[in-house]
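Chemist: What follows is coords07.csv, made up of CSV, C-alpha atoms:
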```csv
chain,number,residue,atom,x,y,z
Q,746,MET,CA,-20.8,-29.7,-15.6
Q,747,THR,CA,-17.8,-28.2,-14.0
Q,748,PRO,CA,-14.6,-30.2,-13.3
Q,749,SER,CA,-14.9,-29.7,-9.6
Q,750,LEU,CA,-18.4,-31.2,-9.5
Q,751,SER,CA,-17.3,-34.1,-11.7
Q,752,ALA,CA,-14.4,-34.7,-9.2
Q,753,GLN,CA,-16.9,-34.8,-6.3
Q,754,ARG,CA,-19.0,-37.4,-8.2
Q,755,ARG,CA,-15.9,-39.5,-8.7
Q,756,ASP,CA,-14.9,-39.1,-5.1
Q,757,LEU,CA,-18.3,-40.3,-4.0
Q,758,ASP,CA,-18.1,-43.4,-6.2
Q,759,SER,CA,-14.6,-44.1,-4.9
Q,760,SER,CA,-15.8,-43.9,-1.3
Q,761,LEU,CA,-18.5,-46.5,-2.0
Q,762,GLU,CA,-15.9,-48.8,-3.6
Q,763,ARG,CA,-13.7,-48.5,-0.6
Q,764,ALA,CA,-16.6,-49.3,1.7
Q,765,GLY,CA,-17.0,-52.5,-0.2
Q,766,PHE,CA,-20.7,-53.0,0.7
Q,767,TYR,CA,-22.4,-53.9,-2.6
Q,768,PRO,CA,-20.7,-50.8,-4.2
Q,769,ARG,CA,-22.4,-51.1,-7.6
Q,770,LEU,CA,-25.8,-51.4,-6.1
Q,771,VAL,CA,-25.3,-48.7,-3.5
Q,772,ALA,CA,-23.9,-46.3,-6.2
Q,773,ASP,CA,-26.8,-46.9,-8.5
Q,774,VAL,CA,-29.3,-46.2,-5.7
Q,775,VAL,CA,-27.5,-43.1,-4.5
Q,776,HIS,CA,-27.2,-41.6,-8.0
Q,777,ASP,CA,-30.9,-42.4,-8.7
Q,778,ALA,CA,-31.9,-40.6,-5.4
Q,779,LEU,CA,-29.8,-37.5,-6.4
Q,780,ASP,CA,-32.1,-37.0,-9.4
Q,781,GLY,CA,-29.3,-35.5,-11.5
Q,782,ARG,CA,-28.0,-33.2,-8.8
Q,783,GLU,CA,-24.3,-32.9,-8.3
Q,784,PRO,CA,-22.8,-33.8,-4.9
Q,785,LEU,CA,-20.9,-31.1,-3.0
Q,786,SER,CA,-19.9,-33.3,0.0
Q,787,HIS,CA,-20.7,-36.8,1.3
Q,788,VAL,CA,-20.2,-39.3,4.1
Q,789,ALA,CA,-20.3,-43.1,3.6
Q,790,HIS,CA,-20.5,-44.9,7.0
Q,791,LEU,CA,-20.3,-48.7,7.1
Q,792,GLU,CA,-21.3,-50.6,10.3
Q,793,THR,CA,-21.2,-54.3,11.2
Q,794,HIS,CA,-23.2,-55.9,14.0
Q,795,PHE,CA,-23.0,-59.4,15.4
Q,796,GLU,CA,-26.2,-61.1,16.6
Q,797,ARG,CA,-25.5,-64.6,17.9
Q,798,THR,CA,-24.2,-66.5,14.9
Q,799,GLU,CA,-25.3,-64.0,12.4
Q,800,VAL,CA,-23.5,-61.0,11.0
Q,801,HIS,CA,-25.5,-57.9,9.9
Q,802,ARG,CA,-24.0,-55.0,7.9
Q,803,HIS,CA,-25.5,-51.8,6.9
Q,804,ILE,CA,-24.2,-48.6,5.2
Q,805,THR,CA,-25.5,-45.1,5.5
Q,806,VAL,CA,-24.6,-42.5,2.8
Q,807,LEU,CA,-25.2,-38.8,3.3
Q,808,VAL,CA,-24.9,-36.7,0.1
Q,809,LEU,CA,-25.2,-32.9,0.2
Q,810,THR,CA,-26.1,-31.0,-2.9
Q,811,GLU,CA,-26.8,-27.2,-3.3
Q,812,ASP,CA,-30.4,-27.6,-2.3
Q,813,MET,CA,-30.9,-31.2,-0.9
Q,814,LEU,CA,-29.6,-33.6,1.7
Q,815,VAL,CA,-30.0,-37.1,0.3
Q,816,ILE,CA,-29.8,-40.0,2.8
Q,817,THR,CA,-29.5,-43.6,1.6
Q,818,HIS,CA,-29.5,-46.6,3.9
Q,819,VAL,CA,-28.8,-50.2,2.9
Q,820,ASP,CA,-29.1,-53.3,5.0
Q,821,ASP,CA,-28.4,-56.9,4.1
Q,822,GLN,CA,-30.1,-59.9,5.6
Q,823,GLN,CA,-29.1,-63.6,5.3
Q,824,LEU,CA,-32.1,-65.7,4.4
Q,825,ASP,CA,-30.5,-69.2,4.9
Q,826,GLU,CA,-27.9,-70.8,7.1
Q,827,THR,CA,-25.4,-71.2,4.3
Q,828,GLY,CA,-25.5,-67.5,3.4
Q,829,GLU,CA,-26.3,-68.2,-0.3
Q,830,GLN,CA,-29.6,-66.4,-0.1
Q,831,VAL,CA,-29.2,-62.7,0.8
Q,832,MET,CA,-31.6,-59.8,0.6
Q,833,ALA,CA,-30.8,-56.1,0.5
Q,834,GLN,CA,-33.2,-53.6,1.9
Q,835,ILE,CA,-32.8,-50.0,0.7
Q,836,SER,CA,-34.4,-46.8,1.7
Q,837,THR,CA,-33.7,-43.2,0.7
Q,838,GLU,CA,-34.9,-39.8,1.8
Q,839,SER,CA,-34.4,-36.3,0.2
Q,840,VAL,CA,-34.6,-33.3,2.5
Q,841,PRO,CA,-34.4,-29.7,1.3
Q,842,VAL,CA,-31.5,-28.0,3.1
Q,843,SER,CA,-33.7,-25.1,3.9
Q,844,GLN,CA,-35.7,-27.4,6.2
Q,845,ILE,CA,-32.7,-28.5,8.3
Q,846,ARG,CA,-33.1,-27.0,11.7
Q,847,SER,CA,-29.9,-28.0,13.5
Q,848,VAL,CA,-26.6,-29.9,13.3
Q,849,VAL,CA,-25.1,-31.0,16.6
Q,850,LEU,CA,-21.5,-32.2,16.7
Q,851,SER,CA,-20.2,-34.0,19.8
Q,852,TYR,CA,-16.5,-34.7,20.2
Q,853,LEU,CA,-14.5,-37.1,22.3
Q,854,TYR,CA,-10.9,-36.3,23.2
Q,855,ALA,CA,-8.5,-38.4,25.2
Q,856,GLN,CA,-6.3,-36.9,27.9
Q,857,PRO,CA,-7.7,-33.4,27.6
Q,858,GLN,CA,-5.3,-32.1,30.2
Q,859,ASP,CA,-2.5,-32.7,27.7
Q,860,TYR,CA,-4.4,-31.3,24.7
Q,861,LYS,CA,-2.5,-29.8,21.8
Q,862,PRO,CA,-4.0,-28.3,18.6
Q,863,SER,CA,-2.5,-31.2,16.6
Q,864,ASP,CA,-4.4,-33.8,18.7
Q,865,GLN,CA,-7.0,-35.7,16.7
Q,866,THR,CA,-10.6,-36.3,17.7
Q,867,ARG,CA,-11.1,-39.8,18.9
Q,868,GLU,CA,-14.8,-39.9,18.2
Q,869,MET,CA,-17.4,-37.6,16.7
Q,870,THR,CA,-21.2,-37.8,16.7
Q,871,LEU,CA,-23.1,-36.0,14.0
Q,872,ALA,CA,-26.8,-35.4,14.7
Q,873,ILE,CA,-29.0,-33.7,12.1
Q,874,ALA,CA,-32.6,-32.6,12.7
Q,875,TRP,CA,-35.2,-31.3,10.3
Q,876,SER,CA,-38.6,-32.7,11.1
Q,877,GLY,CA,-39.0,-31.7,14.7
Q,878,GLY,CA,-38.7,-35.3,15.9
Q,879,GLN,CA,-37.4,-35.7,19.4
Q,880,ARG,CA,-35.6,-38.4,21.4
Q,881,LEU,CA,-36.3,-38.8,25.2
Q,882,ASP,CA,-33.7,-40.5,27.4
Q,883,MET,CA,-35.1,-41.4,30.8
Q,884,GLY,CA,-33.4,-42.9,33.9
Q,885,PRO,CA,-33.9,-43.1,37.7
Q,886,ALA,CA,-33.1,-39.8,39.5
Q,887,SER,CA,-30.8,-39.8,42.5
Q,888,CYS,CA,-29.9,-37.3,45.3
Q,889,GLY,CA,-26.2,-37.9,45.2
Q,890,ASP,CA,-26.1,-39.9,48.4
Q,891,ALA,CA,-24.7,-43.3,47.6
Q,892,GLN,CA,-26.4,-44.7,50.7
Q,893,CYS,CA,-29.8,-43.3,49.9
Q,894,ASP,CA,-32.3,-45.9,48.6
Q,895,ALA,CA,-35.3,-43.6,48.4
Q,896,ASP,CA,-37.4,-43.2,45.3
Q,897,HIS,CA,-36.5,-39.9,43.6
Q,898,GLY,CA,-38.5,-40.4,40.5
Q,899,TYR,CA,-37.0,-40.1,37.0
Q,900,THR,CA,-35.0,-37.6,35.1
Q,901,GLY,CA,-34.2,-37.4,31.5
Q,902,THR,CA,-33.0,-35.3,28.5
Q,903,VAL,CA,-34.8,-34.4,25.3
Q,904,ALA,CA,-32.8,-34.1,22.1
Q,905,GLN,CA,-33.9,-33.2,18.5
Q,906,GLU,CA,-32.6,-35.6,16.0
Q,907,ASP,CA,-33.6,-37.2,12.7
Q,908,ILE,CA,-30.2,-38.7,12.0
Q,909,VAL,CA,-27.4,-39.7,14.4
Q,910,LEU,CA,-24.1,-40.9,13.0
Q,911,ARG,CA,-21.2,-41.8,15.3
Q,912,VAL,CA,-17.7,-42.0,13.7
Q,913,SER,CA,-14.8,-43.4,15.7
Q,914,ALA,CA,-11.1,-43.0,14.8
Q,915,GLU,CA,-10.4,-46.4,16.3
Q,916,ALA,CA,-13.1,-48.2,14.4
Q,917,ASP,CA,-13.4,-46.1,11.2
Q,918,GLY,CA,-10.0,-44.4,11.0
Q,919,VAL,CA,-8.9,-40.8,11.6
Q,920,GLN,CA,-9.7,-39.8,8.0
Q,921,ALA,CA,-13.3,-40.9,8.5
Q,922,VAL,CA,-13.7,-38.5,11.4
Q,923,GLN,CA,-12.2,-35.6,9.4
Q,924,ASN,CA,-14.5,-36.4,6.5
Q,925,ALA,CA,-17.5,-36.2,8.8
Q,926,LYS,CA,-16.4,-32.8,10.2
Q,927,SER,CA,-15.9,-31.5,6.6
Q,928,PHE,CA,-19.3,-32.7,5.7
Q,929,ALA,CA,-20.9,-30.9,8.6
Q,930,ARG,CA,-19.1,-27.6,7.6
Q,931,ALA,CA,-20.3,-28.0,4.0
Q,932,LEU,CA,-23.9,-28.6,5.3
Q,933,ARG,CA,-23.7,-25.4,7.4
Q,934,GLN,CA,-22.5,-23.3,4.5
Q,935,VAL,CA,-25.2,-24.5,2.1
Q,936,ASN,CA,-28.0,-24.2,4.7
Q,937,THR,CA,-27.1,-20.7,5.8
Q,938,ALA,CA,-26.9,-19.6,2.2
Q,939,SER,CA,-30.4,-20.7,1.5
Q,940,SER,CA,-32.8,-17.8,1.2
Q,941,THR,CA,-35.6,-19.7,2.7
Q,942,GLY,CA,-33.7,-21.5,5.5
Q,943,GLY,CA,-33.9,-20.5,9.1
Q,944,GLY,CA,-30.1,-20.9,9.6
Q,945,LEU,CA,-28.2,-23.7,11.1
Q,946,VAL,CA,-27.2,-24.1,14.8
Q,947,LEU,CA,-23.8,-25.7,15.3
Q,948,THR,CA,-22.9,-26.7,18.8
Q,949,SER,CA,-20.4,-29.1,20.3
Q,950,ASP,CA,-20.4,-31.2,23.5
Q,951,ALA,CA,-17.0,-31.9,24.8
Q,952,GLY,CA,-18.4,-34.7,27.0
Q,953,GLY,CA,-18.6,-37.0,24.0
Q,954,ARG,CA,-22.0,-38.5,25.1
Q,955,ARG,CA,-22.8,-41.5,23.0
Q,956,GLN,CA,-26.0,-41.4,21.1
Q,957,PRO,CA,-27.9,-44.3,19.5
Q,958,GLY,CA,-27.7,-45.1,15.8
Q,959,PHE,CA,-30.3,-44.7,13.1
Q,960,GLY,CA,-33.9,-45.4,14.1
Q,961,GLY,CA,-36.9,-46.6,12.1
Q,962,ARG,CA,-36.9,-43.7,9.7
Q,963,PHE,CA,-35.3,-45.8,7.1
Q,964,THR,CA,-38.1,-48.4,6.7
Q,965,ARG,CA,-39.9,-46.3,4.1
Q,966,ALA,CA,-39.2,-45.9,0.4
Q,967,HIS,CA,-37.6,-42.9,-1.2
Q,968,HIS,CA,-39.6,-39.7,-1.2
Q,969,GLN,CA,-38.9,-36.0,-1.6
Q,970,ARG,CA,-40.5,-33.5,0.7
```
Can you give me the file's structure in the form of structure tokens?

Modeler:
Amino acid sequence: MTPSLSAQRRDLDSSLERAGFYPRLVADVVHDALDGREPLSHVAHLETHFERTEVHRHITVLVLTEDMLVITHVDDQQLDETGEQVMAQISTESVPVSQIRSVVLSYLYAQPQDYKPSDQTREMTLAIAWSGGQRLDMGPASCGDAQCDADHGYTGTVAQEDIVLRVSAEADGVQAVQNAKSFARALRQVNTASSTGGGLVLTSDAGGRRQPGFGGRFTRAHHQR
């Protein structure tokens, strides 16, 4: 094991400790899913949602190795009103980097008319697709006339995505956005270097369109394709 790879493993564990979301449990699950592979880059993203009087948290950890992208998702659920009984649901997925078809990066900048190279990205959305799954966003179509109430049918957009991760400088910190960008670059390098891969398409959308979070892919147990 080379010193640089050992440092990456320590950095991964430190990121999970800083996230503070059952760090020992999450670390054990992540390393088990790695199957002895050494991490090259990673992203650990913690989110908190409020639903009435309940608080729900979940963490998504993306770990890149030389040949695999390992995704781990952990949710917790309160089973009683006092919060003494808590259940953690964990799912992992291992995807060969050669199967990854695209990585889409969407950026959000404030006051673009005053942009300087030193300006930080306020928000970044990372979307990774490998299975050919698609998301369809539909909405009522319009003709542009504010006074028109005619039925113009529907319009929509189709996007390929298996994972969508939105990182905000305001909510997650500037460093978290930079880490996500570094992870995307590392993923591109590994994917394009794969002799069996079809290459990686990297695009950006300056409009900063928000995309939904993770879907139901993480309800199944760990498997390797």

Chemist: Need the shell around Q:Val935: protein/DNA/RNA residues with any atom at most 9 Å away, counting all atoms listed in the file. Skip same-chain ones fewer than 4 positions apart. Format as a list in words?

Modeler: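 Those residues are Leu809, Thr810, Glu811, Asp812, Val842, Ser843, Arg930, Ala931 and Ser939 of chain Q.
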
Chemist: Between atom CA of Q:Gly765 and atom CA of Q:Leu779, what is the distance in Å, rounded to a tenth?

Modeler: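 If I compute the distance from atom CA of Q:Gly765 to atom CA of Q:Leu779, I get 20.7 Å.
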
Chemist: When distances are computed from only C-alpha atoms, which of Q:Met813, Q:Val909, Q:Ala874, Q:Val922 shows the smallest separation from Q:Pro784?

Modeler: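 Distance minimum relative to Q:Pro784 lands on Q:Met813.
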
Chemist: So that I can see what lies close to stretch 829-833 of chain Q, please list as a list in words the residues with an atom at most 8 Å from it, counting only C-alpha atoms and leaving out residues fewer than 5 positions away in the same chain.

Modeler: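 That gives Val819, Asp820, Asp821, Gln822, Gln823 and Leu824 of chain Q.
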
Chemist: In Å to one decimal, how far is atom CA of Q:Ile816 from atom CA of Q:Leu850?

Modeler: 18.0 Å

Chemist: Rank Q:Leu791, Q:Ile835, Q:Ala855, Q:Val912 by their smallest atom-to-atom distance to Q:Val771, using only C-alpha atoms, and report the top residue only.

Modeler: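 Smallest distance to Q:Val771 is found for Q:Ile835.
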
Chemist: Can you tell me which residues surround Q:Ser927 at a distance of at most 10 Å, considering all atoms listed in the file, apart from same-chain residues fewer than 6 positions away, and format the answer as number ranges by chain?

Modeler: Q: 786-788, 921, 933

Chemist: Please complete stretch 770-781 of chain Q so it has all heavy atoms, and hand it over as a PDB file, in the coordinates of the input.

Modeler:
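To be explicit, this is the file written out as part.pdb:
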```pdb
ATOM      1  N   LEU Q 770     -24.449 -51.637  -6.460  1.00  0.00           N
ATOM      2  CA  LEU Q 770     -25.800 -51.400  -6.100  1.00  0.00           C
ATOM      3  C   LEU Q 770     -26.037 -50.136  -5.341  1.00  0.00           C
ATOM      4  O   LEU Q 770     -26.940 -49.346  -5.662  1.00  0.00           O
ATOM      5  CB  LEU Q 770     -26.310 -52.618  -5.216  1.00  0.00           C
ATOM      6  CG  LEU Q 770     -27.696 -52.488  -4.572  1.00  0.00           C
ATOM      7  CD1 LEU Q 770     -28.776 -52.382  -5.634  1.00  0.00           C
ATOM      8  CD2 LEU Q 770     -27.957 -53.663  -3.628  1.00  0.00           C
ATOM      9  N   VAL Q 771     -25.195 -49.896  -4.345  1.00  0.00           N
ATOM     10  CA  VAL Q 771     -25.300 -48.700  -3.500  1.00  0.00           C
ATOM     11  C   VAL Q 771     -25.122 -47.439  -4.407  1.00  0.00           C
ATOM     12  O   VAL Q 771     -25.857 -46.448  -4.289  1.00  0.00           O
ATOM     13  CB  VAL Q 771     -24.340 -48.695  -2.363  1.00  0.00           C
ATOM     14  CG1 VAL Q 771     -24.409 -47.380  -1.590  1.00  0.00           C
ATOM     15  CG2 VAL Q 771     -24.638 -49.864  -1.422  1.00  0.00           C
ATOM     16  N   ALA Q 772     -24.126 -47.484  -5.307  1.00  0.00           N
ATOM     17  CA  ALA Q 772     -23.900 -46.300  -6.200  1.00  0.00           C
ATOM     18  C   ALA Q 772     -25.060 -46.027  -7.069  1.00  0.00           C
ATOM     19  O   ALA Q 772     -25.450 -44.870  -7.248  1.00  0.00           O
ATOM     20  CB  ALA Q 772     -22.618 -46.580  -7.014  1.00  0.00           C
ATOM     21  N   ASP Q 773     -25.675 -47.075  -7.638  1.00  0.00           N
ATOM     22  CA  ASP Q 773     -26.800 -46.900  -8.500  1.00  0.00           C
ATOM     23  C   ASP Q 773     -27.990 -46.240  -7.731  1.00  0.00           C
ATOM     24  O   ASP Q 773     -28.674 -45.330  -8.218  1.00  0.00           O
ATOM     25  CB  ASP Q 773     -27.272 -48.186  -9.129  1.00  0.00           C
ATOM     26  CG  ASP Q 773     -26.393 -48.598 -10.304  1.00  0.00           C
ATOM     27  OD1 ASP Q 773     -25.583 -47.768 -10.759  1.00  0.00           O
ATOM     28  OD2 ASP Q 773     -26.516 -49.747 -10.762  1.00  0.00           O
ATOM     29  N   VAL Q 774     -28.215 -46.741  -6.514  1.00  0.00           N
ATOM     30  CA  VAL Q 774     -29.300 -46.200  -5.700  1.00  0.00           C
ATOM     31  C   VAL Q 774     -29.057 -44.756  -5.317  1.00  0.00           C
ATOM     32  O   VAL Q 774     -29.951 -43.903  -5.391  1.00  0.00           O
ATOM     33  CB  VAL Q 774     -29.511 -47.076  -4.446  1.00  0.00           C
ATOM     34  CG1 VAL Q 774     -30.498 -46.421  -3.491  1.00  0.00           C
ATOM     35  CG2 VAL Q 774     -29.995 -48.466  -4.823  1.00  0.00           C
ATOM     36  N   VAL Q 775     -27.828 -44.457  -4.907  1.00  0.00           N
ATOM     37  CA  VAL Q 775     -27.500 -43.100  -4.500  1.00  0.00           C
ATOM     38  C   VAL Q 775     -27.650 -42.122  -5.655  1.00  0.00           C
ATOM     39  O   VAL Q 775     -28.264 -41.049  -5.516  1.00  0.00           O
ATOM     40  CB  VAL Q 775     -26.055 -43.043  -3.928  1.00  0.00           C
ATOM     41  CG1 VAL Q 775     -25.614 -41.591  -3.746  1.00  0.00           C
ATOM     42  CG2 VAL Q 775     -25.976 -43.790  -2.610  1.00  0.00           C
ATOM     43  N   HIS Q 776     -27.124 -42.474  -6.813  1.00  0.00           N
ATOM     44  CA  HIS Q 776     -27.200 -41.600  -8.000  1.00  0.00           C
ATOM     45  C   HIS Q 776     -28.660 -41.416  -8.429  1.00  0.00           C
ATOM     46  O   HIS Q 776     -29.048 -40.329  -8.893  1.00  0.00           O
ATOM     47  CB  HIS Q 776     -26.330 -42.064  -9.096  1.00  0.00           C
ATOM     48  CG  HIS Q 776     -24.865 -41.888  -8.827  1.00  0.00           C
ATOM     49  ND1 HIS Q 776     -24.306 -40.655  -8.574  1.00  0.00           N
ATOM     50  CD2 HIS Q 776     -23.846 -42.789  -8.759  1.00  0.00           C
ATOM     51  CE1 HIS Q 776     -23.003 -40.803  -8.368  1.00  0.00           C
ATOM     52  NE2 HIS Q 776     -22.707 -42.082  -8.466  1.00  0.00           N
ATOM     53  N   ASP Q 777     -29.452 -42.471  -8.318  1.00  0.00           N
ATOM     54  CA  ASP Q 777     -30.900 -42.400  -8.700  1.00  0.00           C
ATOM     55  C   ASP Q 777     -31.573 -41.394  -7.724  1.00  0.00           C
ATOM     56  O   ASP Q 777     -32.407 -40.577  -8.141  1.00  0.00           O
ATOM     57  CB  ASP Q 777     -31.523 -43.731  -8.620  1.00  0.00           C
ATOM     58  CG  ASP Q 777     -33.001 -43.675  -8.983  1.00  0.00           C
ATOM     59  OD1 ASP Q 777     -33.303 -43.439 -10.165  1.00  0.00           O
ATOM     60  OD2 ASP Q 777     -33.834 -43.868  -8.081  1.00  0.00           O
ATOM     61  N   ALA Q 778     -31.238 -41.476  -6.429  1.00  0.00           N
ATOM     62  CA  ALA Q 778     -31.900 -40.600  -5.400  1.00  0.00           C
ATOM     63  C   ALA Q 778     -31.434 -39.137  -5.641  1.00  0.00           C
ATOM     64  O   ALA Q 778     -32.175 -38.216  -5.277  1.00  0.00           O
ATOM     65  CB  ALA Q 778     -31.509 -41.053  -4.032  1.00  0.00           C
ATOM     66  N   LEU Q 779     -30.260 -38.916  -6.204  1.00  0.00           N
ATOM     67  CA  LEU Q 779     -29.800 -37.500  -6.400  1.00  0.00           C
ATOM     68  C   LEU Q 779     -30.574 -36.842  -7.531  1.00  0.00           C
ATOM     69  O   LEU Q 779     -30.536 -35.602  -7.627  1.00  0.00           O
ATOM     70  CB  LEU Q 779     -28.297 -37.560  -6.804  1.00  0.00           C
ATOM     71  CG  LEU Q 779     -27.330 -37.841  -5.653  1.00  0.00           C
ATOM     72  CD1 LEU Q 779     -25.901 -38.003  -6.187  1.00  0.00           C
ATOM     73  CD2 LEU Q 779     -27.378 -36.741  -4.615  1.00  0.00           C
ATOM     74  N   ASP Q 780     -31.264 -37.610  -8.382  1.00  0.00           N
ATOM     75  CA  ASP Q 780     -32.100 -37.000  -9.400  1.00  0.00           C
ATOM     76  C   ASP Q 780     -31.328 -36.020 -10.292  1.00  0.00           C
ATOM     77  O   ASP Q 780     -31.822 -34.938 -10.636  1.00  0.00           O
ATOM     78  CB  ASP Q 780     -33.332 -36.311  -8.820  1.00  0.00           C
ATOM     79  CG  ASP Q 780     -34.310 -37.292  -8.198  1.00  0.00           C
ATOM     80  OD1 ASP Q 780     -34.420 -38.417  -8.721  1.00  0.00           O
ATOM     81  OD2 ASP Q 780     -34.952 -36.945  -7.197  1.00  0.00           O
ATOM     82  N   GLY Q 781     -30.104 -36.363 -10.640  1.00  0.00           N
ATOM     83  CA  GLY Q 781     -29.300 -35.500 -11.500  1.00  0.00           C
ATOM     84  C   GLY Q 781     -28.543 -34.418 -10.824  1.00  0.00           C
ATOM     85  O   GLY Q 781     -27.767 -33.699 -11.458  1.00  0.00           O
TER      86      GLY Q 781
END
```
